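Dropping final_39.cif in here (mmCIF, C-alpha atoms):
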```
data_coords
#
loop_
_atom_site.label_atom_id
_atom_site.label_comp_id
_atom_site.auth_asym_id
_atom_site.auth_seq_id
_atom_site.Cartn_x
_atom_site.Cartn_y
_atom_site.Cartn_z
CA MET A 1 -47.27 -44.41 88.71
CA VAL A 2 -49.70 -41.68 89.61
CA HIS A 3 -53.27 -42.69 90.26
CA TRP A 4 -56.08 -40.52 88.93
CA THR A 5 -59.64 -41.00 90.08
CA ALA A 6 -62.46 -40.71 87.56
CA GLU A 7 -63.44 -37.42 89.18
CA GLU A 8 -59.91 -36.03 88.83
CA LYS A 9 -59.76 -36.99 85.16
CA GLN A 10 -63.12 -35.30 84.62
CA LEU A 11 -61.97 -32.13 86.35
CA ILE A 12 -58.81 -32.05 84.27
CA THR A 13 -60.26 -32.72 80.84
CA SER A 14 -63.37 -30.59 81.25
CA LEU A 15 -61.37 -27.57 82.37
CA TRP A 16 -58.69 -28.09 79.72
CA GLY A 17 -61.35 -28.12 77.05
CA LYS A 18 -62.18 -24.52 77.92
CA VAL A 19 -58.60 -23.21 78.11
CA ASN A 20 -57.33 -20.87 75.40
CA VAL A 21 -53.85 -22.35 75.24
CA GLU A 22 -52.26 -19.38 73.49
CA GLU A 23 -53.65 -16.72 75.86
CA CYS A 24 -53.25 -18.77 78.99
CA GLY A 25 -49.71 -19.87 78.09
CA ALA A 26 -48.62 -16.33 77.30
CA GLU A 27 -50.09 -15.03 80.53
CA ALA A 28 -48.60 -17.79 82.66
CA LEU A 29 -45.09 -17.31 81.28
CA ALA A 30 -45.33 -13.51 81.55
CA ARG A 31 -46.44 -13.76 85.17
CA LEU A 32 -43.63 -16.20 85.93
CA LEU A 33 -41.09 -13.69 84.63
CA ILE A 34 -42.76 -10.82 86.53
CA VAL A 35 -43.55 -12.48 89.86
CA TYR A 36 -40.26 -14.43 90.02
CA PRO A 37 -37.89 -12.17 88.09
CA TRP A 38 -34.89 -14.45 88.57
CA THR A 39 -36.55 -16.83 86.09
CA GLN A 40 -35.62 -14.30 83.39
CA ARG A 41 -32.13 -15.80 83.53
CA PHE A 42 -33.17 -18.38 80.95
CA PHE A 43 -34.38 -15.85 78.45
CA ASP A 44 -31.46 -13.52 77.70
CA ASN A 45 -32.23 -13.71 74.01
CA PHE A 46 -35.87 -12.68 74.38
CA GLY A 47 -35.19 -8.97 74.05
CA ASN A 48 -36.97 -6.44 76.23
CA LEU A 49 -37.93 -7.85 79.66
CA SER A 50 -37.28 -4.60 81.48
CA SER A 51 -40.78 -4.02 82.90
CA PRO A 52 -44.07 -5.90 83.40
CA THR A 53 -45.50 -4.02 80.41
CA ALA A 54 -42.52 -4.99 78.26
CA ILE A 55 -42.77 -8.62 79.35
CA ILE A 56 -46.52 -8.87 78.71
CA GLY A 57 -46.15 -7.32 75.25
CA ASN A 58 -43.04 -9.29 74.30
CA PRO A 59 -43.85 -11.49 71.28
CA LYS A 60 -41.18 -14.06 72.18
CA VAL A 61 -42.71 -14.44 75.63
CA ARG A 62 -46.15 -14.97 74.09
CA ALA A 63 -44.83 -17.50 71.58
CA HIS A 64 -42.86 -19.43 74.16
CA GLY A 65 -45.77 -19.39 76.61
CA LYS A 66 -47.96 -20.91 73.93
CA LYS A 67 -45.33 -23.57 73.23
CA VAL A 68 -45.01 -24.49 76.90
CA LEU A 69 -48.74 -24.75 77.49
CA THR A 70 -49.28 -26.70 74.27
CA SER A 71 -46.83 -29.22 75.64
CA PHE A 72 -48.86 -29.29 78.84
CA GLY A 73 -51.75 -30.46 76.69
CA GLU A 74 -49.77 -33.64 76.08
CA ALA A 75 -49.90 -34.30 79.80
CA VAL A 76 -53.67 -33.98 79.78
CA LYS A 77 -53.85 -36.55 76.98
CA ASN A 78 -51.41 -38.95 78.66
CA LEU A 79 -52.26 -38.84 82.35
CA GLU A 80 -51.38 -42.50 82.82
CA ASN A 81 -47.98 -42.17 81.23
CA LEU A 82 -46.43 -38.84 82.13
CA LYS A 83 -42.84 -39.96 82.68
CA ALA A 84 -42.64 -41.47 79.20
CA THR A 85 -44.45 -38.50 77.66
CA TYR A 86 -41.91 -36.06 79.07
CA ALA A 87 -38.75 -38.21 78.88
CA LYS A 88 -37.21 -36.35 75.95
CA LEU A 89 -38.22 -32.92 77.23
CA SER A 90 -36.76 -33.82 80.59
CA GLU A 91 -33.41 -34.68 79.04
CA LEU A 92 -33.52 -31.47 77.03
CA HIS A 93 -34.19 -29.31 80.09
CA CYS A 94 -31.34 -31.00 81.95
CA GLU A 95 -28.64 -31.40 79.35
CA LYS A 96 -29.21 -28.49 77.04
CA LEU A 97 -31.33 -25.89 78.80
CA HIS A 98 -29.90 -26.40 82.32
CA VAL A 99 -33.15 -25.45 84.03
CA ASP A 100 -33.42 -26.03 87.80
CA PRO A 101 -36.57 -28.17 88.24
CA GLU A 102 -37.74 -25.76 90.94
CA ASN A 103 -38.74 -23.53 88.04
CA PHE A 104 -41.28 -26.12 86.86
CA ARG A 105 -42.94 -25.89 90.27
CA LEU A 106 -42.98 -22.11 90.14
CA LEU A 107 -44.59 -22.16 86.69
CA GLY A 108 -47.12 -24.72 87.91
CA ASP A 109 -48.13 -22.46 90.81
CA ILE A 110 -48.48 -19.51 88.45
CA LEU A 111 -50.62 -21.57 86.07
CA ILE A 112 -52.99 -22.33 88.96
CA ILE A 113 -53.41 -18.61 89.66
CA VAL A 114 -54.06 -17.90 85.97
CA LEU A 115 -56.69 -20.65 85.84
CA ALA A 116 -58.27 -19.37 89.07
CA ALA A 117 -58.54 -15.84 87.68
CA HIS A 118 -60.00 -17.15 84.45
CA PHE A 119 -62.51 -19.65 85.78
CA THR A 120 -63.28 -17.91 89.12
CA LYS A 121 -66.04 -19.74 91.01
CA ASP A 122 -65.84 -22.73 88.65
CA PHE A 123 -62.31 -23.26 89.95
CA THR A 124 -63.65 -25.08 92.99
CA PRO A 125 -61.44 -26.40 95.79
CA ALA A 126 -61.68 -29.87 94.22
CA CYS A 127 -60.64 -28.43 90.88
CA GLN A 128 -57.73 -26.56 92.43
CA ALA A 129 -56.59 -29.66 94.31
CA THR A 130 -56.68 -31.78 91.13
CA TRP A 131 -54.87 -29.23 89.03
CA GLN A 132 -52.25 -28.57 91.72
CA LYS A 133 -51.67 -32.33 91.74
CA LEU A 134 -51.35 -32.32 87.95
CA VAL A 135 -48.82 -29.49 87.80
CA GLY A 136 -46.84 -31.21 90.53
CA VAL A 137 -46.79 -34.48 88.65
CA VAL A 138 -45.81 -32.76 85.39
CA ALA A 139 -42.98 -30.97 87.20
CA HIS A 140 -41.84 -34.31 88.60
CA ALA A 141 -41.93 -35.94 85.16
CA LEU A 142 -39.92 -33.08 83.66
CA ALA A 143 -37.31 -33.50 86.37
CA TYR A 144 -37.26 -37.27 86.17
CA LYS A 145 -34.43 -37.67 83.67
CA TYR A 146 -32.15 -35.20 85.39
CA HIS A 147 -28.72 -36.50 86.25
CA MET B 1 -37.80 -6.61 99.98
CA LEU B 2 -41.04 -4.64 99.78
CA THR B 3 -40.56 -1.51 97.69
CA ALA B 4 -42.69 1.61 97.90
CA ASP B 5 -44.52 0.45 94.76
CA ASP B 6 -45.19 -2.95 96.32
CA LYS B 7 -46.68 -1.29 99.40
CA LYS B 8 -48.93 0.89 97.26
CA LEU B 9 -50.24 -2.10 95.29
CA ILE B 10 -50.71 -4.18 98.44
CA LEU B 11 -52.80 -1.48 100.11
CA GLN B 12 -54.82 -1.15 96.88
CA ILE B 13 -55.71 -4.81 96.79
CA TRP B 14 -56.29 -4.81 100.53
CA GLU B 15 -59.09 -2.30 100.06
CA LYS B 16 -60.87 -4.93 97.98
CA VAL B 17 -60.25 -7.62 100.57
CA LEU B 18 -61.45 -5.58 103.55
CA GLY B 19 -64.99 -6.46 104.44
CA HIS B 20 -64.48 -9.98 103.14
CA GLN B 21 -61.24 -10.84 104.84
CA GLU B 22 -62.79 -13.44 107.14
CA ASP B 23 -64.44 -15.26 104.27
CA PHE B 24 -61.24 -15.08 102.27
CA GLY B 25 -59.28 -16.44 105.21
CA ALA B 26 -61.66 -19.36 105.66
CA GLU B 27 -61.74 -20.11 101.94
CA ALA B 28 -57.94 -20.05 101.74
CA LEU B 29 -57.74 -22.53 104.59
CA GLU B 30 -60.37 -24.81 103.06
CA ARG B 31 -58.49 -24.79 99.76
CA MET B 32 -55.22 -25.46 101.52
CA PHE B 33 -56.64 -28.50 103.30
CA ALA B 34 -58.09 -29.82 100.01
CA THR B 35 -55.01 -29.14 97.90
CA TYR B 36 -52.30 -30.01 100.42
CA PRO B 37 -53.78 -32.68 102.70
CA GLN B 38 -50.60 -32.83 104.77
CA THR B 39 -51.53 -29.42 106.21
CA LYS B 40 -54.44 -31.06 107.99
CA THR B 41 -51.95 -32.68 110.36
CA TYR B 42 -51.80 -29.38 112.26
CA PHE B 43 -55.54 -29.48 112.93
CA PRO B 44 -56.41 -32.94 114.27
CA HIS B 45 -58.73 -31.25 116.75
CA PHE B 46 -60.73 -29.41 114.06
CA ASP B 47 -63.80 -30.33 112.11
CA LEU B 48 -62.46 -29.72 108.61
CA GLN B 49 -65.64 -30.32 106.64
CA HIS B 50 -66.93 -27.63 104.30
CA GLY B 51 -68.58 -24.87 106.31
CA SER B 52 -66.90 -25.80 109.57
CA ALA B 53 -67.31 -23.13 112.23
CA GLN B 54 -63.81 -23.88 113.48
CA VAL B 55 -62.31 -23.27 110.05
CA LYS B 56 -64.33 -20.06 109.75
CA GLY B 57 -63.05 -18.94 113.15
CA HIS B 58 -59.50 -19.78 112.26
CA GLY B 59 -59.78 -18.09 108.87
CA LYS B 60 -60.88 -14.96 110.73
CA LYS B 61 -57.73 -15.10 112.89
CA VAL B 62 -55.44 -15.61 109.90
CA ALA B 63 -57.11 -12.78 108.00
CA ALA B 64 -56.83 -10.45 111.00
CA ALA B 65 -53.10 -11.09 111.15
CA LEU B 66 -52.73 -10.30 107.45
CA VAL B 67 -54.70 -7.07 107.93
CA GLU B 68 -52.47 -6.17 110.85
CA ALA B 69 -49.39 -6.80 108.73
CA ALA B 70 -50.78 -4.71 105.87
CA ASN B 71 -51.61 -1.88 108.29
CA HIS B 72 -48.05 -1.93 109.59
CA ILE B 73 -46.38 -2.72 106.34
CA ASP B 74 -43.21 -0.83 107.26
CA ASP B 75 -42.72 -2.98 110.33
CA ILE B 76 -44.35 -6.37 109.81
CA ALA B 77 -41.90 -7.96 112.27
CA GLY B 78 -42.97 -5.57 114.99
CA ALA B 79 -46.67 -5.93 114.25
CA LEU B 80 -46.55 -9.75 114.27
CA SER B 81 -43.93 -10.18 116.98
CA LYS B 82 -46.26 -12.01 119.38
CA LEU B 83 -47.55 -14.26 116.60
CA SER B 84 -43.97 -14.96 115.63
CA ASP B 85 -43.24 -16.04 119.23
CA LEU B 86 -46.32 -18.25 119.24
CA HIS B 87 -45.33 -20.02 116.04
CA ALA B 88 -41.75 -20.55 117.24
CA GLN B 89 -42.52 -21.74 120.74
CA LYS B 90 -45.88 -23.43 120.55
CA LEU B 91 -47.24 -24.02 117.06
CA ARG B 92 -43.98 -24.87 115.25
CA VAL B 93 -45.66 -25.11 111.86
CA ASP B 94 -43.01 -26.22 109.37
CA PRO B 95 -41.91 -23.20 107.31
CA VAL B 96 -42.85 -24.84 104.01
CA ASN B 97 -46.53 -24.57 104.90
CA PHE B 98 -46.65 -20.77 104.84
CA LYS B 99 -45.95 -20.89 101.10
CA LEU B 100 -48.80 -23.33 100.65
CA LEU B 101 -51.29 -21.11 102.48
CA GLY B 102 -49.93 -18.10 100.57
CA GLN B 103 -50.60 -19.88 97.27
CA CYS B 104 -54.18 -20.59 98.35
CA PHE B 105 -54.69 -17.01 99.45
CA LEU B 106 -53.57 -15.83 96.00
CA VAL B 107 -56.02 -18.28 94.42
CA VAL B 108 -58.86 -16.85 96.54
CA VAL B 109 -57.98 -13.29 95.51
CA ALA B 110 -57.73 -14.41 91.87
CA ILE B 111 -61.17 -15.98 92.05
CA HIS B 112 -62.92 -13.03 93.66
CA HIS B 113 -61.00 -10.16 92.07
CA PRO B 114 -59.46 -11.46 88.84
CA SER B 115 -59.26 -8.04 87.19
CA VAL B 116 -57.51 -6.47 90.18
CA LEU B 117 -54.87 -9.22 90.35
CA THR B 118 -52.73 -7.82 87.55
CA PRO B 119 -49.24 -9.32 87.18
CA GLU B 120 -47.79 -6.37 89.13
CA VAL B 121 -50.28 -6.76 91.98
CA HIS B 122 -49.75 -10.53 91.92
CA ALA B 123 -46.00 -10.01 92.31
CA SER B 124 -46.40 -7.53 95.20
CA LEU B 125 -48.97 -9.63 97.01
CA ASP B 126 -46.81 -12.74 96.64
CA LYS B 127 -43.88 -10.79 98.12
CA PHE B 128 -46.07 -9.56 101.00
CA LEU B 129 -47.29 -13.06 101.83
CA CYS B 130 -43.68 -14.34 101.72
CA ALA B 131 -42.63 -11.52 104.04
CA VAL B 132 -45.36 -12.47 106.52
CA GLY B 133 -44.30 -16.12 106.38
CA ASN B 134 -40.68 -15.14 106.96
CA VAL B 135 -41.63 -13.05 110.01
CA LEU B 136 -43.66 -15.90 111.48
CA THR B 137 -40.75 -18.33 111.16
CA ALA B 138 -37.96 -15.86 111.97
CA LYS B 139 -37.55 -16.97 115.59
CA TYR B 140 -37.67 -20.72 114.91
CA ARG B 141 -33.94 -21.11 115.57
#
```

Would you write the structure of this file as structure tokens?
Amino acid sequence: MVHWTAEEKQLITSLWGKVNVEECGAEALARLLIVYPWTQRFFDNFGNLSSPTAIIGNPKVRAHGKKVLTSFGEAVKNLENLKATYAKLSELHCEKLHVDPENFRLLGDILIIVLAAHFTKDFTPACQATWQKLVGVVAHALAYKYH
Amino acid sequence: MLTADDKKLILQIWEKVLGHQEDFGAEALERMFATYPQTKTYFPHFDLQHGSAQVKGHGKKVAAALVEAANHIDDIAGALSKLSDLHAQKLRVDPVNFKLLGQCFLVVVAIHHPSVLTPEVHASLDKFLCAVGNVLTAKYR
């Protein structure tokens, strides 16, 4: 069980309240595919991923980014119960999607950069530390049901 | 592998960093200590509180090395050879930690120059920081 201090919960929920999930999700997924191009291996059916411009403009990337970050919102609402929250998604990523959990960590790191660029000075060291902890814990929960 | 395009983008972003590299170095370290507390184990002799002169001094050293690498981007291994020896023989910082500092450096650039850190620049800078980390750990064994 992960322990969250009152301060950490504050930093998470207050920041999340200001996040545009659609924009942020699209940007995070696009950057993942651009910065770590091997992650494109999971998205053969997404059409044109041939350049950063193509990736950023790709409607499937935008839609999927929104989906992924919307799911992240569930984590924010269920900080005390992340393993249960992600149990089904974890099984899905293992059994059907065959995604190496390392990719969850990569996406988490990218999300931190996107948040930093968006919130600039408001993304204080304490904020960064809390959110890096959160993405790590989400990645762990998503990998938990792997077998 | 750093392509010609990567090198161009890295030098572009470096122009923005120059003049602030010491502050950026110190801020990256501070963020690394806050975000990844295990990294503090390499600095038991430092005052790690916010504003620490030791952290500022060390941030200056780290930034200088990155500037050196950027200025010799076609031969980072040559430029950082002595630093590579130092890390292998004396400092022996576990290789995983270079990624952690790299992540914090990217965060600092994102905070201070969000519009310059386009996805393409982000990718190139990430590659550059990885290359530096690889050079510094190349002689470990």

Considering all atoms listed in the file, state which residue in the set B:Gly57, B:Gly51, B:Pro95, B:Pro37 is at the smallest distance from chain A.
B:Pro37

Each residue of segment 55-119 of chain A with at least one atom at most 10 Å from segment 118-138 of chain B should appear once, together with its nearest atom pair and the corresponding distance in Å (one decimal); atoms considered: all atoms listed in the file; ordering: chain, then increasing residue number; output as a tab-separated table.
```
residue	atom	partner	partner_atom	distance
A:Ile56	CA	B:Pro119	CA	8.9
A:Ile110	CA	B:His122	CA	9.7
A:Ile113	CA	B:His122	CA	9.2
A:Val114	CA	B:Pro119	CA	9.9
A:Ala117	CA	B:Thr118	CA	9.9
```

List every residue of chain A that has an atom at most 6 Å from any atom of chain B, giving for each one its closest atom pair and the distance in Å to one decimal, counting all atoms listed in the file, sorted by chain and then by ascending residue number, as a tab-separated table.
```
residue	atom	partner	partner_atom	distance
A:Arg31	CA	B:Pro119	CA	5.6
A:Val35	CA	B:Ala123	CA	4.3
A:Ile113	CA	B:Val107	CA	5.4
A:Ala116	CA	B:Ile111	CA	5.4
A:Ala117	CA	B:Ala110	CA	4.5
A:Thr120	CA	B:Ile111	CA	4.1
A:Pro125	CA	B:Arg31	CA	5.2
A:Ala129	CA	B:Thr35	CA	4.0
```

Neighbour list for Asp74 of chain B as an NGL selection string, cut-off 10 Å, only C-alpha atoms, skip fewer than 2 positions in-chain
:B and (2-4 or 7 or 69-72 or 76-79)

Picked residues, the PyMOL selection byres ((chain A and resi 65) around 12), as a PDB file with C-alpha atoms, keeping the file's coordinate frame:
```pdb
ATOM      1  CA  ASN A  20     -57.330 -20.870  75.400  1.00  0.00           C
ATOM      2  CA  VAL A  21     -53.850 -22.350  75.240  1.00  0.00           C
ATOM      3  CA  GLU A  22     -52.260 -19.380  73.490  1.00  0.00           C
ATOM      4  CA  GLU A  23     -53.650 -16.720  75.860  1.00  0.00           C
ATOM      5  CA  CYS A  24     -53.250 -18.770  78.990  1.00  0.00           C
ATOM      6  CA  GLY A  25     -49.710 -19.870  78.090  1.00  0.00           C
ATOM      7  CA  ALA A  26     -48.620 -16.330  77.300  1.00  0.00           C
ATOM      8  CA  GLU A  27     -50.090 -15.030  80.530  1.00  0.00           C
ATOM      9  CA  ALA A  28     -48.600 -17.790  82.660  1.00  0.00           C
ATOM     10  CA  LEU A  29     -45.090 -17.310  81.280  1.00  0.00           C
ATOM     11  CA  ALA A  30     -45.330 -13.510  81.550  1.00  0.00           C
ATOM     12  CA  ARG A  31     -46.440 -13.760  85.170  1.00  0.00           C
ATOM     13  CA  LEU A  32     -43.630 -16.200  85.930  1.00  0.00           C
ATOM     14  CA  LEU A  33     -41.090 -13.690  84.630  1.00  0.00           C
ATOM     15  CA  ILE A  55     -42.770  -8.620  79.350  1.00  0.00           C
ATOM     16  CA  ILE A  56     -46.520  -8.870  78.710  1.00  0.00           C
ATOM     17  CA  ASN A  58     -43.040  -9.290  74.300  1.00  0.00           C
ATOM     18  CA  PRO A  59     -43.850 -11.490  71.280  1.00  0.00           C
ATOM     19  CA  LYS A  60     -41.180 -14.060  72.180  1.00  0.00           C
ATOM     20  CA  VAL A  61     -42.710 -14.440  75.630  1.00  0.00           C
ATOM     21  CA  ARG A  62     -46.150 -14.970  74.090  1.00  0.00           C
ATOM     22  CA  ALA A  63     -44.830 -17.500  71.580  1.00  0.00           C
ATOM     23  CA  HIS A  64     -42.860 -19.430  74.160  1.00  0.00           C
ATOM     24  CA  LYS A  66     -47.960 -20.910  73.930  1.00  0.00           C
ATOM     25  CA  LYS A  67     -45.330 -23.570  73.230  1.00  0.00           C
ATOM     26  CA  VAL A  68     -45.010 -24.490  76.900  1.00  0.00           C
ATOM     27  CA  LEU A  69     -48.740 -24.750  77.490  1.00  0.00           C
ATOM     28  CA  THR A  70     -49.280 -26.700  74.270  1.00  0.00           C
ATOM     29  CA  SER A  71     -46.830 -29.220  75.640  1.00  0.00           C
ATOM     30  CA  PHE A  72     -48.860 -29.290  78.840  1.00  0.00           C
ATOM     31  CA  LEU A 107     -44.590 -22.160  86.690  1.00  0.00           C
ATOM     32  CA  LEU A 111     -50.620 -21.570  86.070  1.00  0.00           C
TER      33      LEU A 111
END
```

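For the residues A:Ile12, A:Met1, A:Ala139, A:Leu82, ranking by smallest atom-to-atom distance to Val99 of chain A using all atoms listed in the file places A:Ala139 first.
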